[in-house]
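The next block holds one structure in the form of structure tokens; read it before the comments.
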Amino acid sequence: MSLSINYPDKIIAGLNQSYTVVSDEGPPKGKVQVDGKDVPHRVIPLGAPKDSKVSTTPVMKYKVTFLIPQGSAGKSLVLQLQAGSSKVEETKPITES
């Protein structure tokens with residue numbers, strides 16, 4: 001499984017964002033950028049997925065939260081996360097609404 005991110009249908013400027021990340025290699029670390037500028041973010045542990053046996057699974061869910069600045073519509077959101085040897089770097093467009 002390694003590392004996966006659950007994105008919403010639209011990434012909207014000026015709103016707080018909260019994405020679920022699933023990892024079997026520990027908590028993710030990395031950066032969030034909008035238009036090439038770092039955006040402050042937090043990684044919050046949520047626990048094991050509901051369909052797993054809590055005592056035996058290395059798979060854990062985390063929430064990555066941050067604010068996309070107003071005026072970012074038409075720009076790109078870049079998420080770069082790493083957990084253990086797994087890496088994800090994805091670019092998504094930001095919309096007005």
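Labeling convention for the structure tokens: chains A, B, ... as they appear, residues from 1 per chain, ligands from 1 in order of appearance.
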Residues within 9 Å of A:Ser97, please, as a ChimeraX atom specification. Count only C-alpha atoms; anything in the same chain fewer than 2 positions from it doesn't count.
/A:10-13,73,94-95
Can you tell me, as a list in words, what residues are no more than 6 Å from stretch 77-79 of chain A when counting only C-alpha atoms, ignoring any on the same chain fewer than 6 positions away?
Val32, Gln33, Val34, Glu89, Glu90, Thr91 and Lys92 of chain A
Nearest to A:Lys75 by atom-to-atom distance, counting only C-alpha atoms, from A:Lys31, A:Asp51, A:Pro93, A:Pro45
A:Pro93
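Between atom CA of A:Lys63 and atom CA of A:Tyr19 there is a distance of 5.5 Å.
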Point out the residue among A:Val21, A:Val43, A:Gly26, A:Tyr7 with the least atom-to-atom distance to A:Pro58, counting only C-alpha atoms.
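With only C-alpha atoms as the atom set, the closest residue is A:Gly26.
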Residue contacts of A:Ser2 (8 Å, only C-alpha atoms) excluding same-chain residues fewer than 5 positions away, as a PDB file with N, CA and C atoms, in the first residue's frame:
ATOM      1  N   VAL A  22      -3.229   7.786   3.945  1.00  0.00           N
ATOM      2  CA  VAL A  22      -3.086   6.450   4.509  1.00  0.00           C
ATOM      3  C   VAL A  22      -1.651   5.990   4.255  1.00  0.00           C
ATOM      4  N   SER A  23      -1.011   5.515   5.321  1.00  0.00           N
ATOM      5  CA  SER A  23       0.388   5.102   5.226  1.00  0.00           C
ATOM      6  C   SER A  23       0.611   3.823   6.022  1.00  0.00           C
ATOM      7  N   ASP A  24       1.446   2.944   5.481  1.00  0.00           N
ATOM      8  CA  ASP A  24       1.859   1.769   6.245  1.00  0.00           C
ATOM      9  C   ASP A  24       3.340   1.863   6.615  1.00  0.00           C
ATOM     10  N   GLU A  25       3.918   3.080   6.454  1.00  0.00           N
ATOM     11  CA  GLU A  25       5.333   3.286   6.779  1.00  0.00           C
ATOM     12  C   GLU A  25       5.538   4.445   7.755  1.00  0.00           C
ATOM     13  N   ALA A  83       6.742   9.010   3.611  1.00  0.00           N
ATOM     14  CA  ALA A  83       6.640   8.180   4.814  1.00  0.00           C
ATOM     15  C   ALA A  83       7.513   6.962   4.564  1.00  0.00           C
ATOM     16  N   SER A  86       8.318   5.477   0.936  1.00  0.00           N
ATOM     17  CA  SER A  86       7.261   5.857   0.001  1.00  0.00           C
ATOM     18  C   SER A  86       7.176   7.369  -0.148  1.00  0.00           C
TER      19      SER A  86
END
